[in-house]
Amino acid sequence: MVAHCAFHGASETASFENPRLYGTSATAEFAYRLRSAEGAKPDSSSEDDGILHGLPSTLEELDAPGISKHTDSRGMYTELQLPPNFGPGSVLVVRTRLVDFKPNLDWKIRTCADEVVAKLSLGALNAALFRCDAEERDVIGDGVYNVPGLGSLSYCGIQGWITHLEHIIPNNDLGHPLCGHLRQGNWALDFVSKRLHKYARVYPQLDDLAEWFDERWALVKRVPNFMVPRYFALTMHTAYRALVRRALSLMPGDIVGRSRFTNQLALTSVQMMGYVNSAGLRPTSSAGDCSMSAGLPHFSTHHMRCWGRDVFIALEGLLLVTGRFDEARDHILAFGSTLKHGLIPNLLDSGRFPRYNARDATWFWLQAVQTYCMLSPEGLKLLDTPVERRFPDGEAFVHWDSDVAYSKSSTVADLIHEIMQRHAQGISFREWNAGSALDSQMRDEGFNVDISVDFASTGFVSGGSQWNCGTWMDKMGSSDKAGIRGVPATPRDGADIEIVGLQKSTLRWLAELFHQSIFAHEGVTTTSGSQITYSQWDQLVQDSFEKHFWVPLDPSDDVEYHVDSTVVNRRGIYRDTYGSSTAWADYQFRPNISIAMTVAPELFDPEHAVICLHKISSVLAGPLGMRTLDPRDMRYRPNYDNSNDSSDPLVAQGINYHQGPEWLWPTAYYLRARLLFLHKAVSQRQAASAELTHALRTVYHELHANMVNLKHHISSSSFAGLPELTNRDGSYCRDSCETQAWSSGCLLMALHEMAKLELIVHEALALQPAD
């Protein structure tokens, strides 16, 4: 039907483009015009009878429209030539019939999707489903698709389209810019299949999927343009569901498939693990070899893709919990091969020019090795695996393509012992290629790396200085206007609580392995030349921790805990560091406590731990992430803006990156710490099994309640992931990565631990007598 509505003042001579009906033939039914008498007005004298009588008018039959068939680049179409006098108040109706339309097109589109993806690897699935703009350009030279009126998609792969289709389909939003774009031409259809054909150079199996699309697009292109959005959505949704099923089938972890949320998190493993030319795990990685991105879209290519700490914080959840043991092993060995100065690199750079400016990456690597040995089928046999050394003597820099590089091998066990021995004897070096070419922001003093162990007192690993930042809180000042270029926001020099926890976890493990005759090395030699066993070192840290990190509720107890009462800002917490060059920084309340609680719970007095966890819950826990600094702290600045060009030294150019903004990955460690200590507290206090079971169920449901906002976010995110951080109270941060490896990975590990609690509860219920 075509109508020319009669509005007041409508022009009698208005011209209209002749309507075109693509893929459609038409025959005329009727054409009429309703003419009102000139100057006619409604009869105001008649009583209101509740009926609209309208204006006095006559019905005039019009000539049939002209109908002709044509063809252009979009295919066959029927053009209607409107009859003369088709003025205001006119309407015409034609009977239409679809030309060359397959009535079984719905069925055809839905066929063979599972079969065509059945041989795709997880690397190929990454290419089909995801790929941010920089990754795509790195491999095939093209970028993300831009929809007029909508903007660039988040991903080049099918997920980029699904994000919008998931809104369009249930709301039947045919006015959406994507639907309009699909009606205007076939560019989107061609983009989908052409990029897959290009990726077939890396993953040949993708050719089959590309041809599956080609076959369906050939049919969709023949339907009328007004139906293209429907069949595009059907085709994309069919492919998407098949690809997701294939991906989940290749990740046999114990929590994959438990819920929609765990599946969404598992898919971030596919999202973060992909092939790029510029950032492999080794200098000469093969095409298709996947490496883990720290976060998208900012950390996607070149030397900024693979970060030591990020990879091994995320690895437990993204790769081990999802059953991707081969990829986890590959990352462990690749980073292990670059061991230098007793450190795992902060930035891998494919092993070409790795950078060693992180004190914590090594300890997260050691923790990942321990977890791998515990969860993987290979188990402790990993320790006997030979690893070719990028730097054979572990000290001198050699170029990656020299004859010396990779000329020596060590086992994983030898690498572990070398790390411990180098820390025990002290690490002191200046970064290779130090200067502005390596880091344009850092002051000269910051390139000096020093790490030591205080065996005479605490046994803690300590290091850093006021001019560098060796932990994950690594923001370096870059503003000349604010006078902070080269000044770290959070140097955290001294003994960092999470590193001490990771150190304790490693010492405990090595002592156990030696006792079981699995690990050949009993201990290390200190700088004084004395020997200390791993068991003795472990006990020294155990005996020292509470009295050097706990800040008691009662100030009168300070003397027992080496507390400087004059700089205490909050009580009933654990310090962030011990022995910092700035005394008050030791007492800052940060979420790093939960990491130590999770990996080395034996360090903590259980009553103190529960008190501190309540403080973390009430002070640091945000809607999605954890506040990185106590709001009571004078340096608390919760909104991160990397483009801030002010002269304020506390926020200029995003210096407050870790001074209040709410990071997501520590949330998972907080949940795991709550699980550990609340489970322990409940188990100790409840004697009756029925009461114990009820209390454990309460803990379980409380932990899941903490995830409601996370579930909502990942379901609504255009990147289908969890962000790096948020600003105050969960508000959006434009400078955050939209999806971050450790945000999802740590939560997967937390869910893995919670699944164990669920099993305990179910077993307890099964043992209870029936009423």
# chains A, B, ... in the order shown; residues from 1 in each chain; ligands from 1
$ residues_around --residues "segment 211-216 of chain A" --least-positions-apart "5" --cutoff "10 Å" --atoms "only C-alpha atoms" --output "PDB file with N, CA and C atoms, in the first residue's frame"
ATOM      1  N   LEU A 105      14.028 -21.256   2.873  1.00  0.00           N
ATOM      2  CA  LEU A 105      15.284 -20.562   3.151  1.00  0.00           C
ATOM      3  C   LEU A 105      15.660 -20.644   4.628  1.00  0.00           C
ATOM      4  N   LYS A 108      17.272 -23.921   5.160  1.00  0.00           N
ATOM      5  CA  LYS A 108      18.584 -23.990   4.509  1.00  0.00           C
ATOM      6  C   LYS A 108      19.634 -23.264   5.329  1.00  0.00           C
ATOM      7  N   ILE A 109      19.289 -22.084   5.833  1.00  0.00           N
ATOM      8  CA  ILE A 109      20.253 -21.309   6.607  1.00  0.00           C
ATOM      9  C   ILE A 109      20.683 -22.070   7.855  1.00  0.00           C
ATOM     10  N   ARG A 110      19.760 -22.773   8.478  1.00  0.00           N
ATOM     11  CA  ARG A 110      20.063 -23.450   9.749  1.00  0.00           C
ATOM     12  C   ARG A 110      20.832 -24.757   9.585  1.00  0.00           C
ATOM     13  N   THR A 111      21.009 -25.237   8.373  1.00  0.00           N
ATOM     14  CA  THR A 111      21.634 -26.546   8.176  1.00  0.00           C
ATOM     15  C   THR A 111      23.160 -26.467   8.194  1.00  0.00           C
ATOM     16  N   CYS A 112      23.761 -27.555   8.629  1.00  0.00           N
ATOM     17  CA  CYS A 112      25.206 -27.835   8.488  1.00  0.00           C
ATOM     18  C   CYS A 112      26.124 -26.911   9.286  1.00  0.00           C
ATOM     19  N   ALA A 113      25.593 -26.066  10.157  1.00  0.00           N
ATOM     20  CA  ALA A 113      26.463 -25.145  10.898  1.00  0.00           C
ATOM     21  C   ALA A 113      27.405 -25.897  11.829  1.00  0.00           C
ATOM     22  N   VAL A 116      30.187 -27.694   9.845  1.00  0.00           N
ATOM     23  CA  VAL A 116      31.212 -26.871   9.200  1.00  0.00           C
ATOM     24  C   VAL A 116      32.217 -26.314  10.205  1.00  0.00           C
ATOM     25  N   VAL A 117      31.845 -26.258  11.490  1.00  0.00           N
ATOM     26  CA  VAL A 117      32.782 -25.747  12.507  1.00  0.00           C
ATOM     27  C   VAL A 117      33.422 -26.869  13.311  1.00  0.00           C
ATOM     28  N   LEU A 189      27.385  -8.336   4.405  1.00  0.00           N
ATOM     29  CA  LEU A 189      27.420  -9.764   4.082  1.00  0.00           C
ATOM     30  C   LEU A 189      28.777 -10.141   3.489  1.00  0.00           C
ATOM     31  N   ASP A 190      29.242  -9.333   2.549  1.00  0.00           N
ATOM     32  CA  ASP A 190      30.527  -9.609   1.904  1.00  0.00           C
ATOM     33  C   ASP A 190      31.679  -9.528   2.909  1.00  0.00           C
ATOM     34  N   VAL A 192      31.693 -10.248   6.094  1.00  0.00           N
ATOM     35  CA  VAL A 192      31.712 -11.409   6.981  1.00  0.00           C
ATOM     36  C   VAL A 192      32.468 -12.574   6.356  1.00  0.00           C
ATOM     37  N   SER A 193      32.171 -12.884   5.117  1.00  0.00           N
ATOM     38  CA  SER A 193      32.801 -14.053   4.497  1.00  0.00           C
ATOM     39  C   SER A 193      34.204 -13.758   3.969  1.00  0.00           C
ATOM     40  N   LYS A 194      34.434 -12.549   3.462  1.00  0.00           N
ATOM     41  CA  LYS A 194      35.746 -12.239   2.890  1.00  0.00           C
ATOM     42  C   LYS A 194      36.852 -12.273   3.937  1.00  0.00           C
ATOM     43  N   LEU A 196      36.957 -14.137   6.565  1.00  0.00           N
ATOM     44  CA  LEU A 196      37.219 -15.541   6.894  1.00  0.00           C
ATOM     45  C   LEU A 196      38.077 -16.196   5.822  1.00  0.00           C
ATOM     46  N   HIS A 197      37.826 -15.860   4.560  1.00  0.00           N
ATOM     47  CA  HIS A 197      38.682 -16.386   3.483  1.00  0.00           C
ATOM     48  C   HIS A 197      40.133 -15.927   3.677  1.00  0.00           C
ATOM     49  N   LEU A 206      38.983 -22.481   8.205  1.00  0.00           N
ATOM     50  CA  LEU A 206      38.030 -21.373   8.128  1.00  0.00           C
ATOM     51  C   LEU A 206      37.464 -21.189   6.728  1.00  0.00           C
ATOM     52  N   LYS A 221      20.903 -12.607  -0.724  1.00  0.00           N
ATOM     53  CA  LYS A 221      20.983 -11.460  -1.626  1.00  0.00           C
ATOM     54  C   LYS A 221      19.837 -11.431  -2.635  1.00  0.00           C
ATOM     55  N   TYR A 231      17.110 -12.253   7.534  1.00  0.00           N
ATOM     56  CA  TYR A 231      17.917 -13.410   7.159  1.00  0.00           C
ATOM     57  C   TYR A 231      19.391 -13.225   7.512  1.00  0.00           C
ATOM     58  N   PHE A 232      19.848 -12.004   7.551  1.00  0.00           N
ATOM     59  CA  PHE A 232      21.201 -11.749   8.064  1.00  0.00           C
ATOM     60  C   PHE A 232      21.263 -12.165   9.528  1.00  0.00           C
ATOM     61  N   THR A 235      21.155 -15.985   9.894  1.00  0.00           N
ATOM     62  CA  THR A 235      22.416 -16.618   9.492  1.00  0.00           C
ATOM     63  C   THR A 235      23.504 -16.396  10.531  1.00  0.00           C
ATOM     64  N   MET A 236      23.645 -15.168  10.991  1.00  0.00           N
ATOM     65  CA  MET A 236      24.686 -14.861  11.966  1.00  0.00           C
ATOM     66  C   MET A 236      24.430 -15.572  13.295  1.00  0.00           C
ATOM     67  N   ALA A 239      25.294 -19.309  12.947  1.00  0.00           N
ATOM     68  CA  ALA A 239      26.743 -19.523  12.972  1.00  0.00           C
ATOM     69  C   ALA A 239      27.301 -19.281  14.366  1.00  0.00           C
TER      70      ALA A 239
END
$ select_by_dssp --residues "segment 31-100 of chain A" --states "strand (DSSP E)" --output "NGL selection string"
:A and (31-36 or 57-61 or 66-72 or 75-81 or 90-98)
$ residues_around --residues "Ser594 of chain A" --least-positions-apart "4" --cutoff "6 Å" --atoms "only C-alpha atoms" --output "PyMOL selection string"
chain A and resi 669-670+673
$ closest_atom_pairs --of "segment 717-751 of chain A" --to "segment 647-662 of chain A" --cutoff "8 Å" --atoms "only C-alpha atoms" --output "CSV"
residue,atom,partner,partner_atom,distance
A:Leu725,CA,A:Glu662,CA,5.3
A:Thr726,CA,A:Glu662,CA,5.1
A:Asn727,CA,A:Pro661,CA,4.9
A:Arg728,CA,A:Pro661,CA,6.2
A:Asp729,CA,A:Glu662,CA,7.7
A:Gly730,CA,A:Glu662,CA,7.1
$ closest_residue --among "A:Leu722, A:Val244, A:Val311, A:Ala583" --to "Leu125 of chain A" --atoms "only C-alpha atoms"
A:Val244
$ residues_around --residues "Ile760 of chain A" --least-positions-apart "6" --cutoff "10 Å" --atoms "only C-alpha atoms" --output "PDB file with N, CA and C atoms, in the first residue's frame"
ATOM      1  N   THR A 693      25.975 -27.302  57.635  1.00  0.00           N
ATOM      2  CA  THR A 693      25.547 -27.300  56.243  1.00  0.00           C
ATOM      3  C   THR A 693      24.792 -26.018  55.902  1.00  0.00           C
ATOM      4  N   LEU A 696      27.288 -23.156  55.663  1.00  0.00           N
ATOM      5  CA  LEU A 696      28.090 -23.232  54.439  1.00  0.00           C
ATOM      6  C   LEU A 696      27.260 -22.809  53.225  1.00  0.00           C
ATOM      7  N   ARG A 697      26.005 -23.186  53.223  1.00  0.00           N
ATOM      8  CA  ARG A 697      25.142 -22.774  52.114  1.00  0.00           C
ATOM      9  C   ARG A 697      24.973 -21.253  52.115  1.00  0.00           C
ATOM     10  N   MET A 754      34.663 -22.101  44.363  1.00  0.00           N
ATOM     11  CA  MET A 754      33.314 -22.127  44.914  1.00  0.00           C
ATOM     12  C   MET A 754      32.591 -23.417  44.560  1.00  0.00           C
ATOM     13  N   ALA A 766      23.793 -35.015  51.750  1.00  0.00           N
ATOM     14  CA  ALA A 766      23.532 -36.428  51.485  1.00  0.00           C
ATOM     15  C   ALA A 766      23.735 -37.289  52.728  1.00  0.00           C
TER      16      ALA A 766
END
$ residues_around --residues "Ala621 of chain A" --least-positions-apart "2" --cutoff "10 Å" --atoms "only C-alpha atoms" --output "list in words"
Pro591, His614, Lys615, Ile616, Ser617, Ser618, Val619, Pro623, Leu624, Gly625, Met626, Arg627, Thr628, Glu662, Trp663, Leu664, Pro666, Thr667, Tyr670, Asn706 and Asp729 of chain A
$ write_last_selection --atoms "N, CA and C atoms" --output "PDB file, in the first residue's frame"
ATOM      1  N   PRO A 591      43.667  -3.557  48.271  1.00  0.00           N
ATOM      2  CA  PRO A 591      43.108  -4.915  48.128  1.00  0.00           C
ATOM      3  C   PRO A 591      44.133  -6.020  47.937  1.00  0.00           C
ATOM      4  N   HIS A 614      36.094  -8.164  56.688  1.00  0.00           N
ATOM      5  CA  HIS A 614      34.924  -7.303  56.885  1.00  0.00           C
ATOM      6  C   HIS A 614      35.261  -5.849  56.527  1.00  0.00           C
ATOM      7  N   LYS A 615      36.477  -5.423  56.861  1.00  0.00           N
ATOM      8  CA  LYS A 615      36.903  -4.064  56.497  1.00  0.00           C
ATOM      9  C   LYS A 615      37.009  -3.922  54.976  1.00  0.00           C
ATOM     10  N   ILE A 616      37.557  -4.928  54.336  1.00  0.00           N
ATOM     11  CA  ILE A 616      37.660  -4.896  52.873  1.00  0.00           C
ATOM     12  C   ILE A 616      36.272  -4.790  52.258  1.00  0.00           C
ATOM     13  N   SER A 617      35.333  -5.571  52.795  1.00  0.00           N
ATOM     14  CA  SER A 617      33.968  -5.572  52.277  1.00  0.00           C
ATOM     15  C   SER A 617      33.314  -4.201  52.408  1.00  0.00           C
ATOM     16  N   SER A 618      33.484  -3.565  53.566  1.00  0.00           N
ATOM     17  CA  SER A 618      32.790  -2.308  53.824  1.00  0.00           C
ATOM     18  C   SER A 618      33.501  -1.094  53.243  1.00  0.00           C
ATOM     19  N   VAL A 619      34.822  -1.184  53.044  1.00  0.00           N
ATOM     20  CA  VAL A 619      35.602  -0.015  52.634  1.00  0.00           C
ATOM     21  C   VAL A 619      36.063  -0.079  51.177  1.00  0.00           C
ATOM     22  N   PRO A 623      30.885  -1.915  43.318  1.00  0.00           N
ATOM     23  CA  PRO A 623      29.870  -2.697  42.598  1.00  0.00           C
ATOM     24  C   PRO A 623      30.451  -3.773  41.681  1.00  0.00           C
ATOM     25  N   LEU A 624      31.581  -3.473  41.041  1.00  0.00           N
ATOM     26  CA  LEU A 624      32.235  -4.442  40.161  1.00  0.00           C
ATOM     27  C   LEU A 624      33.640  -4.792  40.642  1.00  0.00           C
ATOM     28  N   GLY A 625      34.414  -3.769  40.956  1.00  0.00           N
ATOM     29  CA  GLY A 625      35.814  -3.979  41.312  1.00  0.00           C
ATOM     30  C   GLY A 625      36.117  -3.578  42.738  1.00  0.00           C
ATOM     31  N   MET A 626      37.415  -3.603  43.056  1.00  0.00           N
ATOM     32  CA  MET A 626      37.886  -3.237  44.387  1.00  0.00           C
ATOM     33  C   MET A 626      38.565  -1.873  44.317  1.00  0.00           C
ATOM     34  N   ARG A 627      38.189  -0.994  45.238  1.00  0.00           N
ATOM     35  CA  ARG A 627      38.869   0.301  45.320  1.00  0.00           C
ATOM     36  C   ARG A 627      40.338   0.038  45.618  1.00  0.00           C
ATOM     37  N   THR A 628      41.195   0.654  44.840  1.00  0.00           N
ATOM     38  CA  THR A 628      42.626   0.386  44.986  1.00  0.00           C
ATOM     39  C   THR A 628      43.263   1.177  46.115  1.00  0.00           C
ATOM     40  N   GLU A 662      38.516   1.420  40.620  1.00  0.00           N
ATOM     41  CA  GLU A 662      38.108   0.105  41.108  1.00  0.00           C
ATOM     42  C   GLU A 662      38.447  -0.990  40.098  1.00  0.00           C
ATOM     43  N   TRP A 663      39.468  -1.757  40.414  1.00  0.00           N
ATOM     44  CA  TRP A 663      39.967  -2.808  39.536  1.00  0.00           C
ATOM     45  C   TRP A 663      39.222  -4.109  39.801  1.00  0.00           C
ATOM     46  N   LEU A 664      38.940  -4.852  38.715  1.00  0.00           N
ATOM     47  CA  LEU A 664      38.098  -6.036  38.860  1.00  0.00           C
ATOM     48  C   LEU A 664      38.841  -7.288  39.327  1.00  0.00           C
ATOM     49  N   PRO A 666      41.192  -8.007  41.516  1.00  0.00           N
ATOM     50  CA  PRO A 666      41.298  -8.306  42.948  1.00  0.00           C
ATOM     51  C   PRO A 666      39.971  -8.742  43.574  1.00  0.00           C
ATOM     52  N   THR A 667      38.846  -8.435  42.912  1.00  0.00           N
ATOM     53  CA  THR A 667      37.547  -8.871  43.428  1.00  0.00           C
ATOM     54  C   THR A 667      37.511 -10.388  43.579  1.00  0.00           C
ATOM     55  N   TYR A 670      39.440 -11.485  46.546  1.00  0.00           N
ATOM     56  CA  TYR A 670      38.656 -11.176  47.741  1.00  0.00           C
ATOM     57  C   TYR A 670      37.594 -12.256  47.983  1.00  0.00           C
ATOM     58  N   ASN A 706      27.576 -11.603  45.373  1.00  0.00           N
ATOM     59  CA  ASN A 706      28.577 -10.602  45.024  1.00  0.00           C
ATOM     60  C   ASN A 706      28.797 -10.511  43.514  1.00  0.00           C
ATOM     61  N   ASP A 729      32.518   3.985  42.285  1.00  0.00           N
ATOM     62  CA  ASP A 729      31.249   3.264  42.464  1.00  0.00           C
ATOM     63  C   ASP A 729      30.772   2.586  41.189  1.00  0.00           C
TER      64      ASP A 729
END
$ atom_distance --atom1 "atom CA of Gln588 of chain A" --atom2 "atom CA of Asp564 of chain A"
12.8 Å
$ atom_distance --atom1 "atom CA of Glu388 of chain A" --atom2 "atom CA of Gly288 of chain A"
21.5 Å
$ closest_residue --among "A:Val2, A:Ala124, A:Leu55, A:Leu21" --to "Tyr203 of chain A" --atoms "only C-alpha atoms"
A:Ala124
$ residues_around --residues "Ile532 of chain A" --least-positions-apart "6" --cutoff "7 Å" --atoms "only C-alpha atoms" --output "PDB file with N, CA, C and O atoms, in the first residue's frame"
ATOM      1  N   GLY A 523      67.559 -26.296  49.581  1.00  0.00           N
ATOM      2  CA  GLY A 523      67.487 -24.906  49.987  1.00  0.00           C
ATOM      3  C   GLY A 523      68.426 -24.055  49.166  1.00  0.00           C
ATOM      4  O   GLY A 523      68.819 -24.423  48.049  1.00  0.00           O
ATOM      5  N   VAL A 524      68.844 -22.904  49.740  1.00  0.00           N
ATOM      6  CA  VAL A 524      69.660 -21.921  49.025  1.00  0.00           C
ATOM      7  C   VAL A 524      70.826 -21.476  49.899  1.00  0.00           C
ATOM      8  O   VAL A 524      70.865 -21.728  51.108  1.00  0.00           O
ATOM      9  N   THR A 525      71.759 -20.797  49.241  1.00  0.00           N
ATOM     10  CA  THR A 525      72.896 -20.202  49.946  1.00  0.00           C
ATOM     11  C   THR A 525      72.674 -18.696  50.034  1.00  0.00           C
ATOM     12  O   THR A 525      72.375 -18.039  49.026  1.00  0.00           O
TER      13      THR A 525
END
$ select_by_dssp --residues "segment 296-360 of chain A" --states "alpha helix (DSSP H)" --output "MDAnalysis selection string"
chainID A and resid 308:315 325:336
$ residues_around --residues "Leu165 of chain A" --least-positions-apart "5" --cutoff "9 Å" --atoms "only C-alpha atoms" --output "number ranges by chain"
A: 170, 178, 233, 236-237
$ write_last_selection --atoms "all heavy atoms" --output "tab-separated table (two decimals), in the first residue's frame"
chain	number	residue	atom	x	y	z
A	170	PRO	N	15.07	-9.45	19.84
A	170	PRO	CA	13.92	-9.51	20.77
A	170	PRO	C	13.04	-8.27	20.73
A	170	PRO	O	11.86	-8.33	21.08
A	170	PRO	CB	14.58	-9.67	22.15
A	170	PRO	CG	15.96	-9.11	21.99
A	170	PRO	CD	16.35	-9.43	20.58
A	178	LEU	N	21.76	-0.64	11.94
A	178	LEU	CA	22.28	-1.83	11.26
A	178	LEU	C	21.24	-2.37	10.28
A	178	LEU	O	21.60	-2.77	9.16
A	178	LEU	CB	22.65	-2.90	12.29
A	178	LEU	CG	23.11	-4.25	11.71
A	178	LEU	CD1	24.28	-4.06	10.75
A	178	LEU	CD2	23.47	-5.22	12.84
A	233	ALA	N	20.29	-11.74	10.32
A	233	ALA	CA	20.27	-12.08	11.74
A	233	ALA	C	20.18	-13.58	11.94
A	233	ALA	O	20.88	-14.15	12.79
A	233	ALA	CB	19.10	-11.38	12.42
A	236	MET	N	23.65	-15.17	10.99
A	236	MET	CA	24.69	-14.86	11.97
A	236	MET	C	24.43	-15.57	13.29
A	236	MET	O	25.35	-16.10	13.93
A	236	MET	CB	24.77	-13.35	12.18
A	236	MET	CG	25.20	-12.57	10.95
A	236	MET	SD	26.87	-12.97	10.39
A	236	MET	CE	27.83	-11.95	11.51
A	237	HIS	N	23.18	-15.59	13.72
A	237	HIS	CA	22.85	-16.25	14.98
A	237	HIS	C	23.10	-17.75	14.89
A	237	HIS	O	23.60	-18.37	15.84
A	237	HIS	CB	21.40	-15.97	15.36
A	237	HIS	CG	21.04	-16.42	16.73
A	237	HIS	ND1	20.43	-17.64	16.99
A	237	HIS	CD2	21.21	-15.83	17.94
A	237	HIS	CE1	20.24	-17.77	18.29
A	237	HIS	NE2	20.71	-16.69	18.89
$ closest_residue --among "A:Ala118, A:Ala3, A:Ile595, A:Ala218" --to "Gly75 of chain A" --atoms "only C-alpha atoms"
A:Ala218
$ closest_residue --among "A:Phe353, A:Phe545, A:Phe325, A:Phe299" --to "Glu378 of chain A" --atoms "only C-alpha atoms"
A:Phe325
$ closest_residue --among "A:Arg443, A:Arg305, A:His341, A:Arg183" --to "Ser293 of chain A" --atoms "only C-alpha atoms"
A:Arg305
